[in-house]
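Before any comments, here is the structure.
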Amino acid sequence: MKQLMRVLLIMAGCLLCAASLHAKGDDGKAAIKFDKYRVELGNVPEKGGPVSCEFEFTNTGTGNLVILDAKATCGCTRPEYPKRPIAPGKTGKIKVTYNPLGRPGVIDRTVTITTNGKPKKVRLHIGGNVTPAK
């Protein structure tokens, strides 16, 4: 019985430590602000190869900002984002590359950014028009 109590006390202590560390690591004080939320690519030739644009952001909070994920609405759009934490006051960039091959017509793609800060999710948009190959 004494051994069971020891094990339970050790487990409870470990849970309290883990909860404390988790609360300190995600203080919720990071904040992300982009300089723009939409980029217009204009006319993009279908066979001109992939085109890229960048969205610059700033951590306007007081805690480290972590980009947890970046997902595009389709496979023709590929976001790249910093994997390291962004310190308060510092900036970073999300690069979005769009492949127009086989996709003539209007471009309207969304990239959803998930962070540990506020807001938790941000939607970035790219637009334009893919001119068909002759």
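Going through the structure tokens in order, the chains are called A, B, and so on, while each chain numbers its residues from 1 and the ligands are numbered from 1 in the order shown.
By only C-alpha atoms, and with residues fewer than 6 positions from segment 85-98 of chain A along its chain excluded, the set lying at most 7 Å from it is A:Pro50, A:Val51, A:Ser52, A:Cys53, A:Glu54, A:Phe55, A:Glu56, A:Phe57, A:Thr58, A:Asn59, A:Thr60, A:Gly61, A:Thr62, A:Gly63, A:Asn64, A:Leu65, A:Val66, A:Cys76, A:Thr77, A:Arg78, A:Pro79.
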Restricted to N, CA and C atoms, what would the selected residues look like written as an mmCIF file, in the first residue's frame?
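Writing the result to result-v4.cif gives the following:
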data_model
loop_
_atom_site.group_PDB
_atom_site.id
_atom_site.type_symbol
_atom_site.label_atom_id
_atom_site.label_comp_id
_atom_site.auth_asym_id
_atom_site.auth_seq_id
_atom_site.Cartn_x
_atom_site.Cartn_y
_atom_site.Cartn_z
ATOM 1 N N PRO A 50 6.340 28.409 -62.020
ATOM 2 C CA PRO A 50 5.780 28.844 -60.741
ATOM 3 C C PRO A 50 6.126 30.303 -60.435
ATOM 4 N N VAL A 51 5.195 30.983 -59.755
ATOM 5 C CA VAL A 51 5.409 32.359 -59.304
ATOM 6 C C VAL A 51 5.301 32.389 -57.784
ATOM 7 N N SER A 52 6.073 33.277 -57.176
ATOM 8 C CA SER A 52 6.101 33.361 -55.713
ATOM 9 C C SER A 52 5.831 34.777 -55.241
ATOM 10 N N CYS A 53 5.337 34.871 -54.028
ATOM 11 C CA CYS A 53 5.163 36.146 -53.355
ATOM 12 C C CYS A 53 5.448 35.923 -51.876
ATOM 13 N N GLU A 54 5.650 37.024 -51.154
ATOM 14 C CA GLU A 54 5.947 36.927 -49.727
ATOM 15 C C GLU A 54 4.993 37.787 -48.918
ATOM 16 N N PHE A 55 4.658 37.281 -47.756
ATOM 17 C CA PHE A 55 3.844 37.998 -46.784
ATOM 18 C C PHE A 55 4.725 38.224 -45.563
ATOM 19 N N GLU A 56 5.041 39.480 -45.273
ATOM 20 C CA GLU A 56 5.875 39.780 -44.107
ATOM 21 C C GLU A 56 4.984 39.993 -42.894
ATOM 22 N N PHE A 57 5.443 39.494 -41.746
ATOM 23 C CA PHE A 57 4.688 39.648 -40.508
ATOM 24 C C PHE A 57 5.607 40.091 -39.391
ATOM 25 N N THR A 58 4.999 40.608 -38.333
ATOM 26 C CA THR A 58 5.726 41.037 -37.135
ATOM 27 C C THR A 58 5.082 40.393 -35.915
ATOM 28 N N ASN A 59 5.915 39.975 -34.967
ATOM 29 C CA ASN A 59 5.406 39.515 -33.678
ATOM 30 C C ASN A 59 5.196 40.769 -32.830
ATOM 31 N N THR A 60 3.941 41.188 -32.703
ATOM 32 C CA THR A 60 3.627 42.403 -31.948
ATOM 33 C C THR A 60 3.325 42.110 -30.479
ATOM 34 N N GLY A 61 3.495 40.860 -30.079
ATOM 35 C CA GLY A 61 3.236 40.479 -28.692
ATOM 36 C C GLY A 61 4.475 40.555 -27.829
ATOM 37 N N THR A 62 4.356 39.992 -26.624
ATOM 38 C CA THR A 62 5.464 40.015 -25.663
ATOM 39 C C THR A 62 6.107 38.644 -25.466
ATOM 40 N N GLY A 63 5.539 37.594 -26.079
ATOM 41 C CA GLY A 63 6.112 36.257 -25.995
ATOM 42 C C GLY A 63 6.581 35.800 -27.368
ATOM 43 N N ASN A 64 7.353 34.719 -27.399
ATOM 44 C CA ASN A 64 7.824 34.172 -28.668
ATOM 45 C C ASN A 64 6.658 33.660 -29.508
ATOM 46 N N LEU A 65 6.695 33.985 -30.798
ATOM 47 C CA LEU A 65 5.676 33.551 -31.746
ATOM 48 C C LEU A 65 6.172 32.309 -32.471
ATOM 49 N N VAL A 66 5.323 31.283 -32.540
ATOM 50 C CA VAL A 66 5.661 30.062 -33.267
ATOM 51 C C VAL A 66 4.598 29.835 -34.326
ATOM 52 N N CYS A 76 -1.547 23.084 -55.791
ATOM 53 C CA CYS A 76 -0.849 23.986 -56.710
ATOM 54 C C CYS A 76 -0.200 25.156 -55.970
ATOM 55 N N THR A 77 -0.500 25.303 -54.700
ATOM 56 C CA THR A 77 0.000 26.414 -53.890
ATOM 57 C C THR A 77 0.794 25.839 -52.724
ATOM 58 N N ARG A 78 2.058 26.327 -52.574
ATOM 59 C CA ARG A 78 2.932 25.777 -51.543
ATOM 60 C C ARG A 78 3.467 26.885 -50.643
ATOM 61 N N PRO A 79 3.063 26.877 -49.363
ATOM 62 C CA PRO A 79 3.605 27.864 -48.429
ATOM 63 C C PRO A 79 4.889 27.371 -47.756
#
DSSP strand (DSSP E or B) residues within segment 9-117 of chain A, listed as a PyMOL selection string: chain A and resi 31-34+38-45+51-59+65+67-72+77-80+86+91-98+105-115
Selected residues written out with N, CA and C atoms, as a short mmCIF file (atom, residue, chain, number, x, y, z; two decimals), in the first residue's frame:
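part33.cif, written as the output of this step:
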data_model
loop_
_atom_site.label_atom_id
_atom_site.label_comp_id
_atom_site.auth_asym_id
_atom_site.auth_seq_id
_atom_site.Cartn_x
_atom_site.Cartn_y
_atom_site.Cartn_z
N ALA A 31 1.71 37.64 -30.63
CA ALA A 31 0.68 38.17 -31.53
C ALA A 31 1.29 38.37 -32.91
N ILE A 32 0.54 38.00 -33.94
CA ILE A 32 1.04 38.11 -35.31
C ILE A 32 0.25 39.18 -36.06
N LYS A 33 0.99 40.02 -36.78
CA LYS A 33 0.36 41.05 -37.62
C LYS A 33 1.09 41.08 -38.96
N PHE A 34 0.33 40.92 -40.03
CA PHE A 34 0.90 40.93 -41.38
C PHE A 34 0.84 42.34 -41.96
N ARG A 38 -3.39 40.02 -48.61
CA ARG A 38 -3.70 39.60 -49.98
C ARG A 38 -2.63 40.14 -50.93
N VAL A 39 -2.23 39.28 -51.88
CA VAL A 39 -1.30 39.68 -52.93
C VAL A 39 -1.96 39.38 -54.26
N GLU A 40 -1.96 40.37 -55.13
CA GLU A 40 -2.46 40.19 -56.50
C GLU A 40 -1.27 39.90 -57.40
N LEU A 41 -1.28 38.75 -58.06
CA LEU A 41 -0.18 38.36 -58.93
C LEU A 41 -0.32 38.94 -60.33
N GLY A 42 -1.51 39.47 -60.66
CA GLY A 42 -1.72 40.02 -62.00
C GLY A 42 -1.91 38.90 -63.00
N ASN A 43 -1.49 39.14 -64.25
CA ASN A 43 -1.57 38.11 -65.29
C ASN A 43 -0.34 37.22 -65.22
N VAL A 44 -0.59 35.93 -65.09
CA VAL A 44 0.48 34.94 -64.97
C VAL A 44 0.38 34.00 -66.17
N PRO A 45 1.45 33.87 -66.96
CA PRO A 45 1.39 32.95 -68.10
C PRO A 45 1.35 31.49 -67.63
N VAL A 51 5.19 30.98 -59.76
CA VAL A 51 5.41 32.36 -59.30
C VAL A 51 5.30 32.39 -57.78
N SER A 52 6.07 33.28 -57.18
CA SER A 52 6.10 33.36 -55.71
C SER A 52 5.83 34.78 -55.24
N CYS A 53 5.34 34.87 -54.03
CA CYS A 53 5.16 36.15 -53.36
C CYS A 53 5.45 35.92 -51.88
N GLU A 54 5.65 37.02 -51.15
CA GLU A 54 5.95 36.93 -49.73
C GLU A 54 4.99 37.79 -48.92
N PHE A 55 4.66 37.28 -47.76
CA PHE A 55 3.84 38.00 -46.78
C PHE A 55 4.72 38.22 -45.56
N GLU A 56 5.04 39.48 -45.27
CA GLU A 56 5.88 39.78 -44.11
C GLU A 56 4.98 39.99 -42.89
N PHE A 57 5.44 39.49 -41.75
CA PHE A 57 4.69 39.65 -40.51
C PHE A 57 5.61 40.09 -39.39
N THR A 58 5.00 40.61 -38.33
CA THR A 58 5.73 41.04 -37.14
C THR A 58 5.08 40.39 -35.91
N ASN A 59 5.91 39.97 -34.97
CA ASN A 59 5.41 39.52 -33.68
C ASN A 59 5.20 40.77 -32.83
N LEU A 65 6.70 33.98 -30.80
CA LEU A 65 5.68 33.55 -31.75
C LEU A 65 6.17 32.31 -32.47
N ILE A 67 5.04 29.69 -35.57
CA ILE A 67 4.13 29.30 -36.66
C ILE A 67 4.04 27.79 -36.57
N LEU A 68 2.87 27.28 -36.24
CA LEU A 68 2.68 25.85 -36.06
C LEU A 68 2.44 25.13 -37.38
N ASP A 69 1.76 25.80 -38.33
CA ASP A 69 1.43 25.15 -39.60
C ASP A 69 1.01 26.21 -40.62
N ALA A 70 1.13 25.85 -41.89
CA ALA A 70 0.65 26.67 -42.99
C ALA A 70 0.10 25.71 -44.04
N LYS A 71 -1.19 25.84 -44.34
CA LYS A 71 -1.84 24.94 -45.29
C LYS A 71 -2.51 25.73 -46.40
N ALA A 72 -2.33 25.27 -47.63
CA ALA A 72 -2.95 25.89 -48.79
C ALA A 72 -4.23 25.15 -49.15
N THR A 77 -0.50 25.30 -54.70
CA THR A 77 0.00 26.41 -53.89
C THR A 77 0.79 25.84 -52.72
N ARG A 78 2.06 26.33 -52.57
CA ARG A 78 2.93 25.78 -51.54
C ARG A 78 3.47 26.89 -50.64
N PRO A 79 3.06 26.88 -49.36
CA PRO A 79 3.61 27.86 -48.43
C PRO A 79 4.89 27.37 -47.76
N GLU A 80 5.79 28.31 -47.49
CA GLU A 80 7.00 28.03 -46.71
C GLU A 80 7.02 29.03 -45.56
N ILE A 86 9.78 33.32 -33.36
CA ILE A 86 10.04 34.72 -33.71
C ILE A 86 9.91 35.53 -32.41
N THR A 91 10.53 40.30 -37.13
CA THR A 91 9.71 40.00 -38.30
C THR A 91 10.10 38.66 -38.92
N GLY A 92 9.21 38.17 -39.76
CA GLY A 92 9.45 36.95 -40.51
C GLY A 92 8.66 37.02 -41.80
N LYS A 93 8.83 35.99 -42.65
CA LYS A 93 8.15 35.97 -43.94
C LYS A 93 7.55 34.61 -44.21
N ILE A 94 6.38 34.64 -44.83
CA ILE A 94 5.74 33.44 -45.36
C ILE A 94 5.88 33.55 -46.87
N LYS A 95 6.53 32.59 -47.49
CA LYS A 95 6.67 32.58 -48.95
C LYS A 95 5.61 31.63 -49.51
N VAL A 96 4.86 32.11 -50.50
CA VAL A 96 3.83 31.29 -51.13
C VAL A 96 4.17 31.16 -52.61
N THR A 97 4.25 29.93 -53.10
CA THR A 97 4.56 29.66 -54.50
C THR A 97 3.36 29.00 -55.15
N TYR A 98 2.98 29.54 -56.31
CA TYR A 98 1.82 29.04 -57.06
C TYR A 98 2.29 28.50 -58.40
N GLY A 105 -7.21 30.70 -66.09
CA GLY A 105 -8.38 31.35 -65.48
C GLY A 105 -8.00 32.11 -64.22
N VAL A 106 -9.02 32.45 -63.47
CA VAL A 106 -8.88 33.27 -62.26
C VAL A 106 -8.18 32.49 -61.14
N ILE A 107 -7.24 33.17 -60.48
CA ILE A 107 -6.55 32.61 -59.31
C ILE A 107 -7.20 33.19 -58.06
N ASP A 108 -7.58 32.32 -57.14
CA ASP A 108 -8.09 32.76 -55.84
C ASP A 108 -7.75 31.65 -54.85
N ARG A 109 -6.57 31.74 -54.26
CA ARG A 109 -6.09 30.71 -53.35
C ARG A 109 -5.93 31.28 -51.95
N THR A 110 -6.12 30.39 -50.97
CA THR A 110 -6.01 30.78 -49.56
C THR A 110 -4.97 29.91 -48.88
N VAL A 111 -4.18 30.53 -48.02
CA VAL A 111 -3.22 29.82 -47.17
C VAL A 111 -3.61 30.15 -45.73
N THR A 112 -3.85 29.11 -44.93
CA THR A 112 -4.23 29.30 -43.53
C THR A 112 -3.00 29.09 -42.65
N ILE A 113 -2.66 30.11 -41.87
CA ILE A 113 -1.52 30.08 -40.97
C ILE A 113 -2.04 29.81 -39.56
N THR A 114 -1.45 28.83 -38.87
CA THR A 114 -1.82 28.52 -37.49
C THR A 114 -0.64 28.88 -36.59
N THR A 115 -0.90 29.65 -35.51
CA THR A 115 0.16 30.11 -34.62
C THR A 115 -0.16 29.79 -33.16
#
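Distance-wise, atom CA of Gly49 of chain A and atom CA of Gly128 of chain A end up 14.7 Å apart.
For the pair atom CA of Gly117 of chain A and atom CA of Thr73 of chain A, the interatomic distance is 22.2 Å.
For the pair atom CA of Pro100 of chain A and atom CA of Lys36 of chain A, the separation is 22.4 Å.
Distances here use only C-alpha atoms; by that measure, the residue among A:Lys29, A:Leu101, A:Lys83, A:Tyr37 closest to Val122 of chain A is A:Tyr37.
Among the residues of segment 15-119 of chain A, backbone DSSP assigns helix (DSSP H, G or I) to Leu15, Leu16, Cys17, Ala18, Ala19, Ser20, Leu21, His22, Ala23, Lys24 and Gly25 of chain A.
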